[in-house]
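Working notes, beginning with the structure itself.
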There are 4 protein chains.
Amino acid sequence: MARLGENRYGKARVRVMKVVRHETHHAMKEWSVRVLLHGDFESCFTAGDNSRILPTDTMKNTVYYLARESQAATLEEFGAELVEYLLANNPQVSKASAEIEEKSWERVLIDGAPHATTYTLTGPELQTTEAVRERGGKLQITSGVDGLVILKTTKSAFTGYLKDKLTTLPESTDRIFGTRATVAWEYANLPRSYATTRAEALATLLKVFADHDSLSVQHTLYDVGKAMLAAVPEMARVTLTMPNLHCNLVDLSRFGQDNPNQIFVPIDEPHGYIEAVIER
Amino acid sequence: MARLGENRYGKARVRVMKVVRHETHHAMKEWSVRVLLHGDFESCFTAGDNSRILPTDTMKNTVYYLARESQAATLEEFGAELVEYLLANNPQVSKASAEIEEKSWERVLIDGAPHATTYTLTGPELQTTEAVRERGGKLQITSGVDGLVILKTTKSAFTGYLKDKLTTLPESTDRIFGTRATVAWEYANLPRSYATTRAEALATLLKVFADHDSLSVQHTLYDVGKAMLAAVPEMARVTLTMPNLHCNLVDLSRFGQDNPNQIFVPIDEPHGYIEAVIER
Amino acid sequence: MARLGENRYGKARVRVMKVVRHETHHAMKEWSVRVLLHGDFESCFTAGDNSRILPTDTMKNTVYYLARESQAATLEEFGAELVEYLLANNPQVSKASAEIEEKSWERVLIDGAPHATTYTLTGPELQTTEAVRERGGKLQITSGVDGLVILKTTKSAFTGYLKDKLTTLPESTDRIFGTRATVAWEYANLPRSYATTRAEALATLLKVFADHDSLSVQHTLYDVGKAMLAAVPEMARVTLTMPNLHCNLVDLSRFGQDNPNQIFVPIDEPHGYIEAVIER
Amino acid sequence: MARLGENRYGKARVRVMKVVRHETHHAMKEWSVRVLLHGDFESCFTAGDNSRILPTDTMKNTVYYLARESQAATLEEFGAELVEYLLANNPQVSKASAEIEEKSWERVLIDGAPHATTYTLTGPELQTTEAVRERGGKLQITSGVDGLVILKTTKSAFTGYLKDKLTTLPESTDRIFGTRATVAWEYANLPRSYATTRAEALATLLKVFADHDSLSVQHTLYDVGKAMLAAVPEMARVTLTMPNLHCNLVDLSRFGQDNPNQIFVPIDEPHGYIEAVIER
């Protein structure tokens, strides 16, 4: 006998661009949205009864419709609006979530000044949020950034680790530390402004990463998270993922050359993977 | 005050190819491994103390070393060996996991017969496994496939769903049903053979998908999962993810043409996303 | 003073799927088309005069329209139809080309037999064609395959090469030879059938690759091309690109193990790149 | 009878990072290099004679070796050094080229000031060069940028184009104009400084793109190229490729809403493709 366990469904990669046309300049945002619903959909699975199914095509339309209605200035606010709309209009839904990624568009600098209506994509990273609410429960907002690529050329060591018969890594007191960081923080309570806390969180991340005397990725990850919690009082906890972007020192002695920490080979794989939650 | 919450670390994208050179033919497998460790690593995070850290570089070497020692014929067996080795040799580790992806290499057919030593990549899908064990606990094995792209050109309908003011999707009694399926099943107990149960599981998936009179993605997903549980008694539960690969019927009436379900535009985004666990 | 040099424009990634519904089974093809036009478009560039510009949006519609009209059984025939339509209906166009990629969909095997209406994607490779004609000139057809991933575990050596002070590669009499081959052949005259010559061309490629006693990538590439020309008399020349998919033998002596050509690390980068035209 | 036509070989995706450690700050560059050689390699292809083959593995080592020796401050200078080294040390080579891509690393801003030793990846675009020289000929340098993503929310129209029975695109006097531009300019003679001319070329591109009253992609492309030639006297010609990043206005009238040029759906495919050379 089989039975239905946990399940959810929705629409992913709903892309939408909104242009707000101010007198002196335009404000533009590009979002990709994933909406997911939980609820009592058992008869759909077991009997092909679609009478309680909101089509994913309609969820896509809902994103477009709300984008037009919305005054949301941040992805967090738009995510919350989506969740509330879906719960309010769909009694069969017990829980709704909206995950949004925002591309790193910034105004182009022309002669040093940001242009009023022209943009360029700056960086691979995506600003992210997840808004989720169970019917009868409290709205929870997580904010973060995905794929922020940062690298420091000094103040990073790795020594004193376990050695066994399979160890070949030499200790290093001055190595390259690169990572494609993914960060997500949960709010304990409503922040002053999502945009402000986001800016503070990311400025803190960059500052601690840059200045840290790193003894390991774990060591830096922890101090980054600790500083983020200190900087943003509304933050309940932060999850940091810091995969290594390894840069291997090239052995140039084969060619009669020295290599005083100058020439490296960056590799994408394999890569170290470090993940931790820092909480209060 | 900050404190360390859940954390784990390891090495990802450790790629290894093993060639077993039989007299009459070669057996070749290409794997990509991710190893993750849990344990008491708090002092590493909070104080930069690496004395209990097995470097991720050594984990990489462990994969190579064990690949040479191993007699494992399947990715599941190799995953289990990795987990056991890491637990046995690292008292500081409380839990270890190994996730492995295997590429779809198959012998090339030459004049209708599989060649002894030449391969071609067949399909984007990856065969997968995760082996995980907590110290003192039981080894758990999950097997599956990632990114299996399948499509049926008939026997798929979607009607009778909820309509609201944002509905624009027309009902369809004969649409294209394409998906990039990801499937993972947990074993309740040790199977006769991982290779045999994998073959049975996937043959069942394909057969039910092909023959099903689908009333929705959910409907087919459920019947696929139910049949997989029936076919493989060792399976405890199966998680199926079936994002739509939408193929939209083109409106050719603008050009004075009919379109009797013949000409479609496949799109990658947005896409529906349906996920469920089917269990006993 | 600036002036307009060579230029062309068109529409790329026009995806279309065609399902032909036979009584006993369906025939399905998925194509991605790129159409490019040359002509006298100077005033558009220099003065913003669009009066001779066929919008790329209309080219997209043309693909859909012709897909419905067409009886073409192969991508080559459809490419030719597109080129002829564009030249016939656009006097301002002096030259038109259509490049088409076809995905590797094949009927799913159920109990050993191909299913009538269900497909799976088999392999990353794309079947390709380019049809091009200058007004007043002859239609030229090139056919090929992009990204065919093949690998042989024996019968590949590389010795006797130049050595200098930067050489570190050891000679090998038995190495892995993997490649992601891209192949394109031009027709000197109309083939018996594009499908037949394509099948013959690719079967020859695989057979020679598998059986060849390779002394270098160049050596195998040449013999593959020579055999393809011999097998397909309509072929004027063939261009083969064979980047290495390097598989490096792991040095296990550091762990007290031997490695009798068994354990390898596949790498994606850097990779060798070999390209040549073989002609009559 | 078969014979060898045009051919070339080399090494691609040779990644190297160079860190120059100044007293007050570090200078860091990450490059990916492709080296290609032409020459008399016929016996290698036809007879497996490797005696004139410089292994691609040695080319990789050459990149590392020269990176250590080099004082090159720009990718153009390093490309030229590579070409000269390969020609000087390999009499069997008749022509050598080096293509280099540089990642968009920039110093992180901390409290508004660039950090001395910490970087972030800013933008998907790659700075590029190709250096090529035939033995006995003159070194030719091309510089450019690949994948520069830019978008303007106004000053872009498209009207007055050809209409036929397949036209469905409405005219627009105010549309979004986004592109992933690829640009490459050839030097007629040695520039004052590759870094300076690169900065001038790209600043000109951005300024003209931002301010242009665009009547079509072609129109803007031409005026961008014309301005680049005017700004950089050393430039002989510039090739611009401007695929559209289409943003489609959403039809919100179905939901009883207006859409005064505010809500768009960005799509990746299909996309327009416009390419032209602007020369003196």
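Labeling convention for the structure tokens: chains A, B, ... as they appear, residues from 1 per chain, ligands from 1 in order of appearance.
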Please give the complete set of residues from range 83-264 of chain C that DSSP, run on the backbone, assigns to strand (DSSP E or B), formatted as a PyMOL selection string. chain C and resi 93-110+113-134+140-152+156+158+172+177-187+214+235-241+244+247-249+263-264
Sorted per-residue table, chain D near chain B, closest atoms and distance, 9 Å, only C-alpha atoms, as JSON lines:
```
{"residue": "D:Lys165", "atom": "CA", "partner": "B:Phe255", "partner_atom": "CA", "distance": 6.7}
{"residue": "D:Leu166", "atom": "CA", "partner": "B:Phe255", "partner_atom": "CA", "distance": 6.1}
{"residue": "D:Thr167", "atom": "CA", "partner": "B:Phe255", "partner_atom": "CA", "distance": 8.9}
{"residue": "D:Thr168", "atom": "CA", "partner": "B:Arg254", "partner_atom": "CA", "distance": 8.1}
{"residue": "D:Arg254", "atom": "CA", "partner": "B:Leu166", "partner_atom": "CA", "distance": 7.8}
{"residue": "D:Phe255", "atom": "CA", "partner": "B:Leu166", "partner_atom": "CA", "distance": 6.1}
{"residue": "D:Ile267", "atom": "CA", "partner": "B:Glu269", "partner_atom": "CA", "distance": 8.4}
{"residue": "D:Glu269", "atom": "CA", "partner": "B:Ile267", "partner_atom": "CA", "distance": 8.4}
```
Expected file contents, prior selection, N, CA, C and O atoms, as an mmCIF file, in the first residue's frame:
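Contents of result37.cif, as written:
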```cif
data_model
loop_
_atom_site.group_PDB
_atom_site.id
_atom_site.type_symbol
_atom_site.label_atom_id
_atom_site.label_comp_id
_atom_site.auth_asym_id
_atom_site.auth_seq_id
_atom_site.Cartn_x
_atom_site.Cartn_y
_atom_site.Cartn_z
ATOM 1 N N LYS D 165 2.635 39.240 -43.887
ATOM 2 C CA LYS D 165 1.519 38.475 -43.307
ATOM 3 C C LYS D 165 1.914 37.774 -42.009
ATOM 4 O O LYS D 165 1.047 37.278 -41.291
ATOM 5 N N LEU D 166 3.196 37.715 -41.728
ATOM 6 C CA LEU D 166 3.649 37.043 -40.500
ATOM 7 C C LEU D 166 4.021 38.041 -39.395
ATOM 8 O O LEU D 166 4.508 37.653 -38.340
ATOM 9 N N THR D 167 3.823 39.322 -39.649
ATOM 10 C CA THR D 167 4.164 40.341 -38.650
ATOM 11 C C THR D 167 3.174 40.328 -37.491
ATOM 12 O O THR D 167 1.965 40.405 -37.710
ATOM 13 N N THR D 168 3.673 40.241 -36.264
ATOM 14 C CA THR D 168 2.785 40.404 -35.099
ATOM 15 C C THR D 168 3.346 41.432 -34.111
ATOM 16 O O THR D 168 2.646 41.857 -33.201
ATOM 17 N N ARG D 254 -5.976 41.716 -19.368
ATOM 18 C CA ARG D 254 -6.726 40.500 -19.040
ATOM 19 C C ARG D 254 -7.150 40.491 -17.571
ATOM 20 O O ARG D 254 -8.068 39.796 -17.175
ATOM 21 N N PHE D 255 -6.405 41.245 -16.757
ATOM 22 C CA PHE D 255 -6.708 41.291 -15.317
ATOM 23 C C PHE D 255 -7.336 42.632 -14.931
ATOM 24 O O PHE D 255 -7.428 42.966 -13.749
ATOM 25 N N ILE D 267 13.081 37.748 -21.167
ATOM 26 C CA ILE D 267 13.253 36.382 -21.670
ATOM 27 C C ILE D 267 14.663 36.224 -22.236
ATOM 28 O O ILE D 267 15.256 37.172 -22.736
ATOM 29 N N GLU D 269 15.382 33.571 -24.426
ATOM 30 C CA GLU D 269 15.268 33.013 -25.767
ATOM 31 C C GLU D 269 13.824 33.077 -26.231
ATOM 32 O O GLU D 269 12.929 32.954 -25.386
#
```
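For Ala27 in chain C, the residues within 10 Å (counting only C-alpha atoms, excluding itself and residues fewer than 6 positions away along the chain) are Thr153 of chain B; Lys18, Val19, Val20, Arg21, Ala73, Glu106, Arg107, Ala116, Thr117 and Thr118 of chain C.
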Write out as number ranges by chain each polymer residue whose atoms come within 9 Å of range 135-152 of chain C, counting only C-alpha atoms; drop sequence neighbours fewer than 3 positions from it. B: 105, 108, 117-122; C: 75-76, 79-80, 83-84, 87, 93-96, 101, 123-132, 155-156, 175-190, 194, 198, 201-202, 206, 209-210, 238, 245
Any idea what's packed within 9 Å of range 43-58 of chain C, counting only C-alpha atoms, ignoring anything in its chain fewer than 6 positions away? Could you give it as a ChimeraX atom specification? /C:3-4,9-12,35,90,92-93 /D:158-164,166-169,214-223,270-273
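For Met17 in chain D, the non-local neighbours within 7 Å, defined as residues at least 3 positions apart in the same chain or in other chains and counting only C-alpha atoms, are A:Ile263, A:Phe264, A:Val265, A:Pro266, D:Lys29, D:Glu30, D:Trp31.
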Generate a file of the selected residues that holds all heavy atoms, formatted as a PDB file, in the first residue's frame.
```
ATOM      1  N   ILE A 263      52.228  33.250  -8.260  1.00  0.00           N
ATOM      2  CA  ILE A 263      51.542  32.634  -9.407  1.00  0.00           C
ATOM      3  C   ILE A 263      50.693  31.459  -8.903  1.00  0.00           C
ATOM      4  O   ILE A 263      51.216  30.501  -8.311  1.00  0.00           O
ATOM      5  CB  ILE A 263      52.558  32.131 -10.459  1.00  0.00           C
ATOM      6  CG1 ILE A 263      53.553  33.246 -10.837  1.00  0.00           C
ATOM      7  CG2 ILE A 263      51.837  31.590 -11.685  1.00  0.00           C
ATOM      8  CD1 ILE A 263      52.935  34.455 -11.501  1.00  0.00           C
ATOM      9  N   PHE A 264      49.400  31.541  -9.167  1.00  0.00           N
ATOM     10  CA  PHE A 264      48.452  30.537  -8.677  1.00  0.00           C
ATOM     11  C   PHE A 264      47.622  29.990  -9.833  1.00  0.00           C
ATOM     12  O   PHE A 264      47.437  30.667 -10.853  1.00  0.00           O
ATOM     13  CB  PHE A 264      47.501  31.166  -7.654  1.00  0.00           C
ATOM     14  CG  PHE A 264      48.203  31.726  -6.452  1.00  0.00           C
ATOM     15  CD1 PHE A 264      48.703  33.023  -6.460  1.00  0.00           C
ATOM     16  CD2 PHE A 264      48.384  30.951  -5.311  1.00  0.00           C
ATOM     17  CE1 PHE A 264      49.366  33.546  -5.354  1.00  0.00           C
ATOM     18  CE2 PHE A 264      49.036  31.465  -4.203  1.00  0.00           C
ATOM     19  CZ  PHE A 264      49.529  32.775  -4.223  1.00  0.00           C
ATOM     20  N   VAL A 265      47.112  28.780  -9.639  1.00  0.00           N
ATOM     21  CA  VAL A 265      46.120  28.234 -10.573  1.00  0.00           C
ATOM     22  C   VAL A 265      44.781  28.135  -9.848  1.00  0.00           C
ATOM     23  O   VAL A 265      44.623  27.337  -8.930  1.00  0.00           O
ATOM     24  CB  VAL A 265      46.536  26.843 -11.099  1.00  0.00           C
ATOM     25  CG1 VAL A 265      45.401  26.231 -11.930  1.00  0.00           C
ATOM     26  CG2 VAL A 265      47.788  26.954 -11.935  1.00  0.00           C
ATOM     27  N   PRO A 266      43.816  28.951 -10.237  1.00  0.00           N
ATOM     28  CA  PRO A 266      42.470  28.830  -9.663  1.00  0.00           C
ATOM     29  C   PRO A 266      41.787  27.573 -10.210  1.00  0.00           C
ATOM     30  O   PRO A 266      41.892  27.302 -11.414  1.00  0.00           O
ATOM     31  CB  PRO A 266      41.733  30.081 -10.170  1.00  0.00           C
ATOM     32  CG  PRO A 266      42.769  30.957 -10.796  1.00  0.00           C
ATOM     33  CD  PRO A 266      43.895  30.066 -11.208  1.00  0.00           C
TER      34      PRO A 266
ATOM     35  N   LYS D  29      45.393  39.765 -10.805  1.00  0.00           N
ATOM     36  CA  LYS D  29      44.711  39.540 -12.084  1.00  0.00           C
ATOM     37  C   LYS D  29      44.437  38.049 -12.222  1.00  0.00           C
ATOM     38  O   LYS D  29      45.277  37.231 -11.881  1.00  0.00           O
ATOM     39  CB  LYS D  29      45.613  39.941 -13.267  1.00  0.00           C
ATOM     40  CG  LYS D  29      46.129  41.355 -13.226  1.00  0.00           C
ATOM     41  CD  LYS D  29      45.483  42.175 -14.316  1.00  0.00           C
ATOM     42  CE  LYS D  29      46.040  43.589 -14.328  1.00  0.00           C
ATOM     43  NZ  LYS D  29      44.954  44.553 -14.511  1.00  0.00           N
ATOM     44  N   GLU D  30      43.251  37.716 -12.741  1.00  0.00           N
ATOM     45  CA  GLU D  30      42.970  36.323 -13.069  1.00  0.00           C
ATOM     46  C   GLU D  30      42.678  36.201 -14.551  1.00  0.00           C
ATOM     47  O   GLU D  30      41.760  36.836 -15.079  1.00  0.00           O
ATOM     48  CB  GLU D  30      41.766  35.801 -12.262  1.00  0.00           C
ATOM     49  CG  GLU D  30      41.546  34.324 -12.566  1.00  0.00           C
ATOM     50  CD  GLU D  30      40.336  33.709 -11.872  1.00  0.00           C
ATOM     51  OE1 GLU D  30      39.787  34.337 -10.947  1.00  0.00           O
ATOM     52  OE2 GLU D  30      39.964  32.586 -12.266  1.00  0.00           O
ATOM     53  N   TRP D  31      43.475  35.366 -15.206  1.00  0.00           N
ATOM     54  CA  TRP D  31      43.376  35.204 -16.650  1.00  0.00           C
ATOM     55  C   TRP D  31      43.049  33.755 -17.022  1.00  0.00           C
ATOM     56  O   TRP D  31      43.468  32.820 -16.340  1.00  0.00           O
ATOM     57  CB  TRP D  31      44.719  35.581 -17.314  1.00  0.00           C
ATOM     58  CG  TRP D  31      45.050  37.037 -17.254  1.00  0.00           C
ATOM     59  CD1 TRP D  31      44.173  38.075 -17.157  1.00  0.00           C
ATOM     60  CD2 TRP D  31      46.368  37.628 -17.295  1.00  0.00           C
ATOM     61  NE1 TRP D  31      44.852  39.276 -17.143  1.00  0.00           N
ATOM     62  CE2 TRP D  31      46.193  39.038 -17.227  1.00  0.00           C
ATOM     63  CE3 TRP D  31      47.654  37.119 -17.407  1.00  0.00           C
ATOM     64  CZ2 TRP D  31      47.270  39.921 -17.253  1.00  0.00           C
ATOM     65  CZ3 TRP D  31      48.730  38.003 -17.424  1.00  0.00           C
ATOM     66  CH2 TRP D  31      48.539  39.390 -17.349  1.00  0.00           C
TER      67      TRP D  31
END
```
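When CA of Asp211 in chain B is paired with CA of His26 in chain C, their separation reads 14.2 Å.
The coordinates place CA of Pro233 in chain B at 29.3 Å from CA of Met28 in chain B.
Excluding Arg68 in chain D itself and any same-chain residue fewer than 4 positions from it, the protein and nucleic acid residues within 10 Å of it, counting only C-alpha atoms, are Val250, Leu252, Gln257, Asp258, Asn259, Pro260, Gln262 and Ile263 of chain A; Lys18, Thr62, Val63 and Tyr64 of chain D.
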With N, CA, C and O atoms kept, could you save the residues just selected as a compact mmCIF listing (two decimals), in the first residue's frame?
```
# COMPACT_ATOMS: atom_id res chain seq x y z
N VAL A 250 51.58 27.44 -7.83
CA VAL A 250 52.19 26.61 -8.88
C VAL A 250 53.62 26.25 -8.46
O VAL A 250 54.37 27.10 -7.99
N LEU A 252 56.92 26.07 -9.49
CA LEU A 252 57.75 26.57 -10.60
C LEU A 252 59.18 26.10 -10.49
O LEU A 252 60.00 26.40 -11.37
N GLN A 257 62.48 28.26 -11.38
CA GLN A 257 61.97 29.55 -10.89
C GLN A 257 61.54 29.44 -9.43
O GLN A 257 61.16 28.36 -8.97
N ASP A 258 61.59 30.54 -8.72
CA ASP A 258 60.94 30.57 -7.41
C ASP A 258 59.49 31.02 -7.61
O ASP A 258 59.10 31.42 -8.71
N ASN A 259 58.71 30.90 -6.57
CA ASN A 259 57.31 31.39 -6.65
C ASN A 259 56.92 31.95 -5.28
O ASN A 259 56.26 31.29 -4.49
N PRO A 260 57.37 33.17 -5.02
CA PRO A 260 57.12 33.78 -3.70
C PRO A 260 55.66 34.23 -3.56
O PRO A 260 55.42 35.43 -3.43
N GLN A 262 53.18 34.23 -5.71
CA GLN A 262 52.78 35.13 -6.80
C GLN A 262 51.90 34.49 -7.87
O GLN A 262 50.97 35.12 -8.36
N ILE A 263 52.23 33.25 -8.26
CA ILE A 263 51.54 32.63 -9.41
C ILE A 263 50.69 31.46 -8.90
O ILE A 263 51.22 30.50 -8.31
N LYS D 18 47.78 36.01 -10.92
CA LYS D 18 49.06 36.61 -10.53
C LYS D 18 48.81 37.68 -9.48
O LYS D 18 47.98 38.56 -9.66
N THR D 62 54.09 26.71 -20.20
CA THR D 62 54.65 27.95 -20.74
C THR D 62 53.89 29.17 -20.20
O THR D 62 54.49 30.21 -19.88
N VAL D 63 52.58 29.02 -20.09
CA VAL D 63 51.78 30.12 -19.52
C VAL D 63 52.22 30.40 -18.08
O VAL D 63 52.45 31.56 -17.69
N TYR D 64 52.40 29.34 -17.29
CA TYR D 64 52.79 29.53 -15.89
C TYR D 64 54.18 30.15 -15.81
O TYR D 64 54.43 31.07 -15.03
```
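Note that CA of Glu81 in chain C and CA of Gly225 in chain C are 28.9 Å apart.
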Identify all residues of range 53-180 of chain C in helix (DSSP H, G or I) (DSSP on the backbone) and supply them as a PDB file with N, CA and C atoms, in the first residue's frame.
```
ATOM      1  N   THR C  56      13.236  40.864 -36.339  1.00  0.00           N
ATOM      2  CA  THR C  56      13.636  39.510 -35.927  1.00  0.00           C
ATOM      3  C   THR C  56      12.433  38.782 -35.338  1.00  0.00           C
ATOM      4  N   ASP C  57      11.477  39.527 -34.819  1.00  0.00           N
ATOM      5  CA  ASP C  57      10.258  38.895 -34.317  1.00  0.00           C
ATOM      6  C   ASP C  57       9.499  38.202 -35.445  1.00  0.00           C
ATOM      7  N   THR C  58       9.507  38.799 -36.630  1.00  0.00           N
ATOM      8  CA  THR C  58       8.847  38.172 -37.778  1.00  0.00           C
ATOM      9  C   THR C  58       9.616  36.932 -38.231  1.00  0.00           C
ATOM     10  N   MET C  59      10.939  36.972 -38.111  1.00  0.00           N
ATOM     11  CA  MET C  59      11.719  35.764 -38.454  1.00  0.00           C
ATOM     12  C   MET C  59      11.321  34.605 -37.538  1.00  0.00           C
ATOM     13  N   LYS C  60      11.104  34.921 -36.275  1.00  0.00           N
ATOM     14  CA  LYS C  60      10.634  33.894 -35.325  1.00  0.00           C
ATOM     15  C   LYS C  60       9.300  33.329 -35.790  1.00  0.00           C
ATOM     16  N   ASN C  61       8.376  34.219 -36.146  1.00  0.00           N
ATOM     17  CA  ASN C  61       7.078  33.760 -36.636  1.00  0.00           C
ATOM     18  C   ASN C  61       7.213  32.918 -37.903  1.00  0.00           C
ATOM     19  N   THR C  62       8.196  33.282 -38.728  1.00  0.00           N
ATOM     20  CA  THR C  62       8.422  32.537 -39.971  1.00  0.00           C
ATOM     21  C   THR C  62       8.806  31.088 -39.667  1.00  0.00           C
ATOM     22  N   VAL C  63       9.607  30.912 -38.641  1.00  0.00           N
ATOM     23  CA  VAL C  63       9.982  29.542 -38.240  1.00  0.00           C
ATOM     24  C   VAL C  63       8.734  28.758 -37.861  1.00  0.00           C
ATOM     25  N   TYR C  64       7.858  29.366 -37.059  1.00  0.00           N
ATOM     26  CA  TYR C  64       6.647  28.654 -36.630  1.00  0.00           C
ATOM     27  C   TYR C  64       5.739  28.356 -37.837  1.00  0.00           C
ATOM     28  N   TYR C  65       5.580  29.372 -38.683  1.00  0.00           N
ATOM     29  CA  TYR C  65       4.703  29.231 -39.849  1.00  0.00           C
ATOM     30  C   TYR C  65       5.189  28.115 -40.776  1.00  0.00           C
ATOM     31  N   LEU C  66       6.479  28.141 -41.067  1.00  0.00           N
ATOM     32  CA  LEU C  66       7.011  27.127 -41.982  1.00  0.00           C
ATOM     33  C   LEU C  66       7.011  25.741 -41.341  1.00  0.00           C
ATOM     34  N   ALA C  67       7.206  25.690 -40.029  1.00  0.00           N
ATOM     35  CA  ALA C  67       7.170  24.386 -39.361  1.00  0.00           C
ATOM     36  C   ALA C  67       5.820  23.718 -39.600  1.00  0.00           C
ATOM     37  N   ARG C  68       4.762  24.522 -39.638  1.00  0.00           N
ATOM     38  CA  ARG C  68       3.423  23.975 -39.877  1.00  0.00           C
ATOM     39  C   ARG C  68       3.241  23.551 -41.329  1.00  0.00           C
ATOM     40  N   GLU C  69       3.773  24.359 -42.252  1.00  0.00           N
ATOM     41  CA  GLU C  69       3.615  24.072 -43.690  1.00  0.00           C
ATOM     42  C   GLU C  69       4.483  22.902 -44.147  1.00  0.00           C
ATOM     43  N   LEU C  75      16.407  18.120 -40.447  1.00  0.00           N
ATOM     44  CA  LEU C  75      16.742  19.505 -40.170  1.00  0.00           C
ATOM     45  C   LEU C  75      17.342  20.183 -41.387  1.00  0.00           C
ATOM     46  N   GLU C  76      18.065  19.411 -42.219  1.00  0.00           N
ATOM     47  CA  GLU C  76      18.649  19.987 -43.429  1.00  0.00           C
ATOM     48  C   GLU C  76      17.559  20.514 -44.367  1.00  0.00           C
ATOM     49  N   GLU C  77      16.525  19.709 -44.575  1.00  0.00           N
ATOM     50  CA  GLU C  77      15.447  20.139 -45.471  1.00  0.00           C
ATOM     51  C   GLU C  77      14.714  21.351 -44.909  1.00  0.00           C
ATOM     52  N   PHE C  78      14.522  21.380 -43.604  1.00  0.00           N
ATOM     53  CA  PHE C  78      13.831  22.532 -43.017  1.00  0.00           C
ATOM     54  C   PHE C  78      14.703  23.786 -43.110  1.00  0.00           C
ATOM     55  N   GLY C  79      15.989  23.628 -42.897  1.00  0.00           N
ATOM     56  CA  GLY C  79      16.914  24.756 -43.048  1.00  0.00           C
ATOM     57  C   GLY C  79      16.859  25.320 -44.460  1.00  0.00           C
ATOM     58  N   ALA C  80      16.831  24.437 -45.451  1.00  0.00           N
ATOM     59  CA  ALA C  80      16.761  24.870 -46.850  1.00  0.00           C
ATOM     60  C   ALA C  80      15.454  25.623 -47.118  1.00  0.00           C
ATOM     61  N   GLU C  81      14.353  25.115 -46.599  1.00  0.00           N
ATOM     62  CA  GLU C  81      13.058  25.785 -46.789  1.00  0.00           C
ATOM     63  C   GLU C  81      13.068  27.196 -46.198  1.00  0.00           C
ATOM     64  N   LEU C  82      13.654  27.331 -45.019  1.00  0.00           N
ATOM     65  CA  LEU C  82      13.728  28.642 -44.374  1.00  0.00           C
ATOM     66  C   LEU C  82      14.508  29.631 -45.229  1.00  0.00           C
ATOM     67  N   VAL C  83      15.665  29.192 -45.707  1.00  0.00           N
ATOM     68  CA  VAL C  83      16.511  30.059 -46.533  1.00  0.00           C
ATOM     69  C   VAL C  83      15.765  30.476 -47.796  1.00  0.00           C
ATOM     70  N   GLU C  84      15.117  29.529 -48.437  1.00  0.00           N
ATOM     71  CA  GLU C  84      14.409  29.847 -49.686  1.00  0.00           C
ATOM     72  C   GLU C  84      13.238  30.797 -49.430  1.00  0.00           C
ATOM     73  N   TYR C  85      12.510  30.570 -48.346  1.00  0.00           N
ATOM     74  CA  TYR C  85      11.389  31.451 -48.023  1.00  0.00           C
ATOM     75  C   TYR C  85      11.867  32.879 -47.791  1.00  0.00           C
ATOM     76  N   LEU C  86      12.931  33.019 -47.042  1.00  0.00           N
ATOM     77  CA  LEU C  86      13.426  34.355 -46.701  1.00  0.00           C
ATOM     78  C   LEU C  86      13.945  35.081 -47.937  1.00  0.00           C
ATOM     79  N   LEU C  87      14.631  34.373 -48.821  1.00  0.00           N
ATOM     80  CA  LEU C  87      15.119  35.007 -50.047  1.00  0.00           C
ATOM     81  C   LEU C  87      13.951  35.365 -50.978  1.00  0.00           C
ATOM     82  N   ALA C  88      12.989  34.467 -51.085  1.00  0.00           N
ATOM     83  CA  ALA C  88      11.871  34.701 -52.011  1.00  0.00           C
ATOM     84  C   ALA C  88      11.009  35.878 -51.574  1.00  0.00           C
ATOM     85  N   ASN C  89      10.874  36.087 -50.280  1.00  0.00           N
ATOM     86  CA  ASN C  89       9.957  37.109 -49.779  1.00  0.00           C
ATOM     87  C   ASN C  89      10.620  38.414 -49.359  1.00  0.00           C
TER      88      ASN C  89
END
```
